Amino acid sequence: MNKVMLIGRSGCGKTTLTQALNGEGIHYSKTQSVERGKFLIDTPGEYVESRNFGGALAVYAYESDIVGFLLSADEPYSLYSPNITSMANRPVIGIVTGIDRKNANADRAVRWLELAGCKRIFKVSAVTGEGIEELKHFLSEFDTKRYYKTRIFDM
Ligand SMILES: Nc1nc2c(ncn2[C@@H]2O[C@H](COP(=O)(O)OP(=O)(O)OP(=O)(O)O)[C@@H](O)[C@H]2O)c(=O)[nH]1
Ligand SMILES: [Mg+2]
């Protein structure tokens, strides 16, 4: 399994997705500091919301094989600047979370993640389980060595 670092605004569902990917029961727990698991690095939303913490994400990216940009399907705006993925030193995937939410607009979130530079985007709900297996399969099978040679997501 590749190791993935999850980043995104507070409340977008990083911890809940971590629990779903780990097959744990879902329970609310505010992330107070970077939590490193065997395959998942869960970061507090404040790290992407504040310039002062932003640099730490670059450091933790070195511990990861893949960086995941999360955007909840009901977020009213995106924090990701156009082409910001080019700043990452790891392959970046987009993950639209909370596609079951009442005011979800998953296609809009996909467009924002595409604008940020994500070439491979997953749509998931940690609550209904939709999309979780597809994401798990990708994380376990994605060949980062091949990616560095080709720069394309061929799965
Ligand atoms: N309906 C729905 N709610 C979700 C989903 N994922 C997360 N939530 C809810 O959104 C709230 C925030 O989720 P968290 O996983 O704690 O968010 P986070 O990104 O880890 O937030 P920080 O730790 O503050 O950075 C919780 O009440 C979750 O139950 C989802 O897929 N669907
Ligand atoms: Mg959290």
# chains A, B, ... in the order shown; residues from 1 in each chain; ligands from 1
>>> closest_atom_pairs(of="chain A", to="ligand 1", cutoff="6 Å", atoms="only C-alpha atoms and all ligand atoms", output="Markdown table")
| residue | atom | partner | partner_atom_place_in_ligand_line | distance |
| --- | --- | --- | --- | --- |
| A:Arg9 | CA | ligand 1 | 25 (O) | 6.0 |
| A:Ser10 | CA | ligand 1 | 25 (O) | 3.5 |
| A:Gly11 | CA | ligand 1 | 17 (O) | 3.4 |
| A:Cys12 | CA | ligand 1 | 19 (O) | 4.1 |
| A:Gly13 | CA | ligand 1 | 15 (O) | 3.3 |
| A:Lys14 | CA | ligand 1 | 19 (O) | 3.9 |
| A:Thr15 | CA | ligand 1 | 15 (O) | 3.7 |
| A:Thr16 | CA | ligand 1 | 15 (O) | 3.7 |
| A:Tyr28 | CA | ligand 1 | 16 (O) | 5.4 |
| A:Ser29 | CA | ligand 1 | 16 (O) | 5.6 |
| A:Lys30 | CA | ligand 1 | 23 (O) | 4.3 |
| A:Thr31 | CA | ligand 1 | 23 (O) | 3.7 |
| A:Pro44 | CA | ligand 1 | 25 (O) | 3.9 |
| A:Gly45 | CA | ligand 1 | 25 (O) | 3.4 |
| A:Thr97 | CA | ligand 1 | 31 (O) | 5.3 |
| A:Gly98 | CA | ligand 1 | 31 (O) | 3.3 |
| A:Asp100 | CA | ligand 1 | 1 (N) | 5.5 |
| A:Arg101 | CA | ligand 1 | 1 (N) | 4.5 |
| A:Ser125 | CA | ligand 1 | 31 (O) | 3.6 |
| A:Ala126 | CA | ligand 1 | 31 (O) | 3.9 |
| A:Val127 | CA | ligand 1 | 31 (O) | 4.8 |
>>> residues_around(residues="Asp154 (chain A)", least_positions_apart="3", cutoff="12 Å", atoms="only C-alpha atoms", output="ChimeraX atom specification")
/A:119-120,138,141-144,146-151
>>> write_last_selection(atoms="N, CA and C atoms", output="short mmCIF file (atom, residue, chain, number, x, y, z; two decimals), in the first residue's frame")
data_model
loop_
_atom_site.label_atom_id
_atom_site.label_comp_id
_atom_site.auth_asym_id
_atom_site.auth_seq_id
_atom_site.Cartn_x
_atom_site.Cartn_y
_atom_site.Cartn_z
N LYS A 119 -4.85 15.24 -11.82
CA LYS A 119 -5.14 14.48 -13.05
C LYS A 119 -5.97 13.24 -12.76
N ARG A 120 -5.98 12.82 -11.50
CA ARG A 120 -6.76 11.63 -11.12
C ARG A 120 -7.60 12.02 -9.92
N PHE A 138 -6.73 1.79 -5.80
CA PHE A 138 -5.73 2.68 -6.40
C PHE A 138 -4.52 2.81 -5.48
N GLU A 141 -2.39 -0.32 -5.52
CA GLU A 141 -1.80 -0.79 -6.79
C GLU A 141 -0.98 0.28 -7.53
N PHE A 142 -1.15 1.53 -7.21
CA PHE A 142 -0.49 2.59 -7.99
C PHE A 142 1.03 2.44 -7.92
N ASP A 143 1.65 2.48 -9.11
CA ASP A 143 3.09 2.27 -9.20
C ASP A 143 3.78 3.63 -9.32
N THR A 144 4.29 4.11 -8.19
CA THR A 144 4.88 5.47 -8.21
C THR A 144 6.15 5.51 -9.08
N ARG A 146 6.73 3.93 -11.85
CA ARG A 146 6.32 4.09 -13.24
C ARG A 146 5.82 5.53 -13.47
N TYR A 147 5.13 6.07 -12.46
CA TYR A 147 4.62 7.44 -12.58
C TYR A 147 5.78 8.43 -12.79
N TYR A 148 6.86 8.26 -12.03
CA TYR A 148 7.97 9.21 -12.17
C TYR A 148 8.62 9.13 -13.55
N LYS A 149 8.49 7.95 -14.21
CA LYS A 149 9.04 7.84 -15.57
C LYS A 149 8.11 8.46 -16.59
N THR A 150 6.80 8.25 -16.41
CA THR A 150 5.85 8.65 -17.46
C THR A 150 5.10 9.94 -17.15
N ARG A 151 4.98 10.26 -15.85
CA ARG A 151 4.19 11.42 -15.38
C ARG A 151 2.72 11.30 -15.78
#
>>> residues_around(residues="Gly117 (chain A)", least_positions_apart="5", cutoff="10 Å", atoms="only C-alpha atoms", output="list in words")
Tyr80, Ser81, Pro82, Asn83, Ile84, Thr85, Ser86, Val92, Ile93, Gly94, Arg111 and Trp112 of chain A
>>> residues_around(residues="Ile95 (chain A)", least_positions_apart="6", cutoff="6 Å", atoms="only C-alpha atoms", output="MDAnalysis selection string")
chainID A and resid 69:70 121:123
>>> select_by_dssp(residues="chain A", states="alpha helix (DSSP H)", output="number ranges by chain")
A: 14-21, 46-49, 51-61, 106-116, 132-141, 144-150
>>> write_last_selection(atoms="C-alpha atoms", output="PDB file, in the first residue's frame")
ATOM      1  CA  LYS A  14      -9.801  13.737   6.239  1.00  0.00           C
ATOM      2  CA  THR A  15     -10.101  11.917   9.559  1.00  0.00           C
ATOM      3  CA  THR A  16     -13.398  10.289   8.610  1.00  0.00           C
ATOM      4  CA  LEU A  17     -11.849   9.077   5.340  1.00  0.00           C
ATOM      5  CA  THR A  18      -8.849   7.767   7.282  1.00  0.00           C
ATOM      6  CA  GLN A  19     -11.234   5.794   9.486  1.00  0.00           C
ATOM      7  CA  ALA A  20     -13.136   4.451   6.450  1.00  0.00           C
ATOM      8  CA  LEU A  21      -9.937   3.419   4.648  1.00  0.00           C
ATOM      9  CA  GLU A  46      -5.450  24.473   9.735  1.00  0.00           C
ATOM     10  CA  TYR A  47      -2.256  23.426   7.946  1.00  0.00           C
ATOM     11  CA  VAL A  48      -3.770  24.182   4.561  1.00  0.00           C
ATOM     12  CA  GLU A  49      -5.727  27.177   5.839  1.00  0.00           C
ATOM     13  CA  ARG A  51       0.367  30.171   5.503  1.00  0.00           C
ATOM     14  CA  ASN A  52       2.360  29.683   8.703  1.00  0.00           C
ATOM     15  CA  PHE A  53       1.712  25.951   8.702  1.00  0.00           C
ATOM     16  CA  GLY A  54       1.823  25.408   4.932  1.00  0.00           C
ATOM     17  CA  GLY A  55       5.550  24.654   4.889  1.00  0.00           C
ATOM     18  CA  ALA A  56       5.046  21.720   7.257  1.00  0.00           C
ATOM     19  CA  LEU A  57       2.923  20.014   4.607  1.00  0.00           C
ATOM     20  CA  ALA A  58       5.875  20.054   2.209  1.00  0.00           C
ATOM     21  CA  VAL A  59       7.998  18.353   4.877  1.00  0.00           C
ATOM     22  CA  TYR A  60       5.400  15.656   5.597  1.00  0.00           C
ATOM     23  CA  ALA A  61       5.004  15.079   1.838  1.00  0.00           C
ATOM     24  CA  ALA A 106     -19.429  16.764  -6.740  1.00  0.00           C
ATOM     25  CA  ASP A 107     -18.940  17.913 -10.343  1.00  0.00           C
ATOM     26  CA  ARG A 108     -18.108  21.450  -9.207  1.00  0.00           C
ATOM     27  CA  ALA A 109     -15.569  20.069  -6.722  1.00  0.00           C
ATOM     28  CA  VAL A 110     -14.061  17.918  -9.484  1.00  0.00           C
ATOM     29  CA  ARG A 111     -13.649  21.018 -11.681  1.00  0.00           C
ATOM     30  CA  TRP A 112     -11.897  22.895  -8.844  1.00  0.00           C
ATOM     31  CA  LEU A 113      -9.533  19.968  -8.272  1.00  0.00           C
ATOM     32  CA  GLU A 114      -8.820  19.800 -12.025  1.00  0.00           C
ATOM     33  CA  LEU A 115      -8.036  23.514 -11.931  1.00  0.00           C
ATOM     34  CA  ALA A 116      -5.623  22.841  -9.074  1.00  0.00           C
ATOM     35  CA  ILE A 132     -13.956   3.850  -0.941  1.00  0.00           C
ATOM     36  CA  GLU A 133     -13.016   0.486  -2.497  1.00  0.00           C
ATOM     37  CA  GLU A 134     -11.944   2.155  -5.762  1.00  0.00           C
ATOM     38  CA  LEU A 135      -9.710   4.554  -3.829  1.00  0.00           C
ATOM     39  CA  LYS A 136      -8.277   1.710  -1.720  1.00  0.00           C
ATOM     40  CA  HIS A 137      -7.520  -0.292  -4.863  1.00  0.00           C
ATOM     41  CA  PHE A 138      -5.729   2.683  -6.404  1.00  0.00           C
ATOM     42  CA  LEU A 139      -3.664   3.302  -3.273  1.00  0.00           C
ATOM     43  CA  SER A 140      -2.573  -0.318  -3.074  1.00  0.00           C
ATOM     44  CA  GLU A 141      -1.804  -0.785  -6.792  1.00  0.00           C
ATOM     45  CA  THR A 144       4.879   5.469  -8.208  1.00  0.00           C
ATOM     46  CA  LYS A 145       8.141   4.400  -9.922  1.00  0.00           C
ATOM     47  CA  ARG A 146       6.315   4.093 -13.245  1.00  0.00           C
ATOM     48  CA  TYR A 147       4.622   7.444 -12.581  1.00  0.00           C
ATOM     49  CA  TYR A 148       7.970   9.207 -12.165  1.00  0.00           C
ATOM     50  CA  LYS A 149       9.041   7.840 -15.568  1.00  0.00           C
ATOM     51  CA  THR A 150       5.853   8.650 -17.461  1.00  0.00           C
TER      52      THR A 150
END
>>> select_by_dssp(residues="region 2-122 of chain A", states="strand (DSSP E)", output="compact mmCIF listing (two decimals) with C-alpha atoms, in the first residue's frame")
# COMPACT_ATOMS: atom_id res chain seq x y z
CA VAL A 4 -0.86 8.93 1.35
CA MET A 5 -0.94 12.28 3.07
CA LEU A 6 -4.43 13.81 3.25
CA ILE A 7 -4.76 17.58 3.17
CA GLU A 35 -1.22 11.92 12.85
CA ARG A 36 0.99 9.41 11.11
CA LEU A 40 -2.13 7.36 6.01
CA ILE A 41 -0.94 10.74 7.25
CA ASP A 42 -3.88 12.76 8.54
CA ILE A 66 1.13 10.24 -2.73
CA VAL A 67 -0.49 13.49 -1.62
CA GLY A 68 -4.31 13.63 -1.55
CA PHE A 69 -6.06 16.99 -1.98
CA LEU A 70 -9.48 16.70 -0.36
CA LEU A 71 -12.43 18.92 -1.18
CA SER A 72 -15.84 18.30 0.30
CA VAL A 92 -1.14 14.43 -6.26
CA ILE A 93 -4.60 12.92 -6.47
CA GLY A 94 -7.87 14.74 -5.86
CA ILE A 95 -10.52 13.32 -3.54
CA VAL A 96 -14.03 14.76 -3.46
CA THR A 97 -15.43 13.81 -0.07
CA ILE A 121 -9.81 12.39 -9.00
CA PHE A 122 -11.92 10.13 -6.80
>>> atom_distance(atom1="CA of Glu130 (chain A)", atom2="CA of Ile26 (chain A)")
14.5 Å
>>> closest_residue(among="A:Asn105, A:Asn22, A:Thr43, A:Asn89", to="Tyr77 (chain A)", atoms="only C-alpha atoms")
A:Asn105
>>> atom_distance(atom1="CA of Phe39 (chain A)", atom2="CA of Ser64 (chain A)")
8.5 Å
>>> closest_residue(among="A:Met155, A:Val34, A:Leu79, A:Val124", to="Ala104 (chain A)", atoms="only C-alpha atoms")
A:Val124
>>> decode(residues="region 100-132 of chain A", atoms="C-alpha atoms", output="PDB file, in the first residue's frame")
ATOM      1  CA  ASP A 100     -23.748  12.015   0.025  1.00  0.00           C
ATOM      2  CA  ARG A 101     -24.041  15.408   1.734  1.00  0.00           C
ATOM      3  CA  LYS A 102     -27.320  17.307   1.310  1.00  0.00           C
ATOM      4  CA  ASN A 103     -25.918  20.208  -0.752  1.00  0.00           C
ATOM      5  CA  ALA A 104     -23.284  18.142  -2.539  1.00  0.00           C
ATOM      6  CA  ASN A 105     -22.090  19.340  -5.924  1.00  0.00           C
ATOM      7  CA  ALA A 106     -19.429  16.764  -6.740  1.00  0.00           C
ATOM      8  CA  ASP A 107     -18.940  17.913 -10.343  1.00  0.00           C
ATOM      9  CA  ARG A 108     -18.108  21.450  -9.207  1.00  0.00           C
ATOM     10  CA  ALA A 109     -15.569  20.069  -6.722  1.00  0.00           C
ATOM     11  CA  VAL A 110     -14.061  17.918  -9.484  1.00  0.00           C
ATOM     12  CA  ARG A 111     -13.649  21.018 -11.681  1.00  0.00           C
ATOM     13  CA  TRP A 112     -11.897  22.895  -8.844  1.00  0.00           C
ATOM     14  CA  LEU A 113      -9.533  19.968  -8.272  1.00  0.00           C
ATOM     15  CA  GLU A 114      -8.820  19.800 -12.025  1.00  0.00           C
ATOM     16  CA  LEU A 115      -8.036  23.514 -11.931  1.00  0.00           C
ATOM     17  CA  ALA A 116      -5.623  22.841  -9.074  1.00  0.00           C
ATOM     18  CA  GLY A 117      -3.852  20.384 -11.391  1.00  0.00           C
ATOM     19  CA  CYS A 118      -5.180  17.003 -10.211  1.00  0.00           C
ATOM     20  CA  LYS A 119      -5.140  14.484 -13.054  1.00  0.00           C
ATOM     21  CA  ARG A 120      -6.764  11.631 -11.120  1.00  0.00           C
ATOM     22  CA  ILE A 121      -9.806  12.394  -9.005  1.00  0.00           C
ATOM     23  CA  PHE A 122     -11.922  10.126  -6.801  1.00  0.00           C
ATOM     24  CA  LYS A 123     -15.435  10.802  -5.515  1.00  0.00           C
ATOM     25  CA  VAL A 124     -16.167   9.224  -2.151  1.00  0.00           C
ATOM     26  CA  SER A 125     -18.474   9.138   0.825  1.00  0.00           C
ATOM     27  CA  ALA A 126     -17.026   7.805   4.052  1.00  0.00           C
ATOM     28  CA  VAL A 127     -20.588   7.536   5.374  1.00  0.00           C
ATOM     29  CA  THR A 128     -22.194   5.424   2.609  1.00  0.00           C
ATOM     30  CA  GLY A 129     -18.910   3.801   1.555  1.00  0.00           C
ATOM     31  CA  GLU A 130     -19.341   4.860  -2.079  1.00  0.00           C
ATOM     32  CA  GLY A 131     -16.003   5.099  -3.901  1.00  0.00           C
ATOM     33  CA  ILE A 132     -13.956   3.850  -0.941  1.00  0.00           C
TER      34      ILE A 132
END
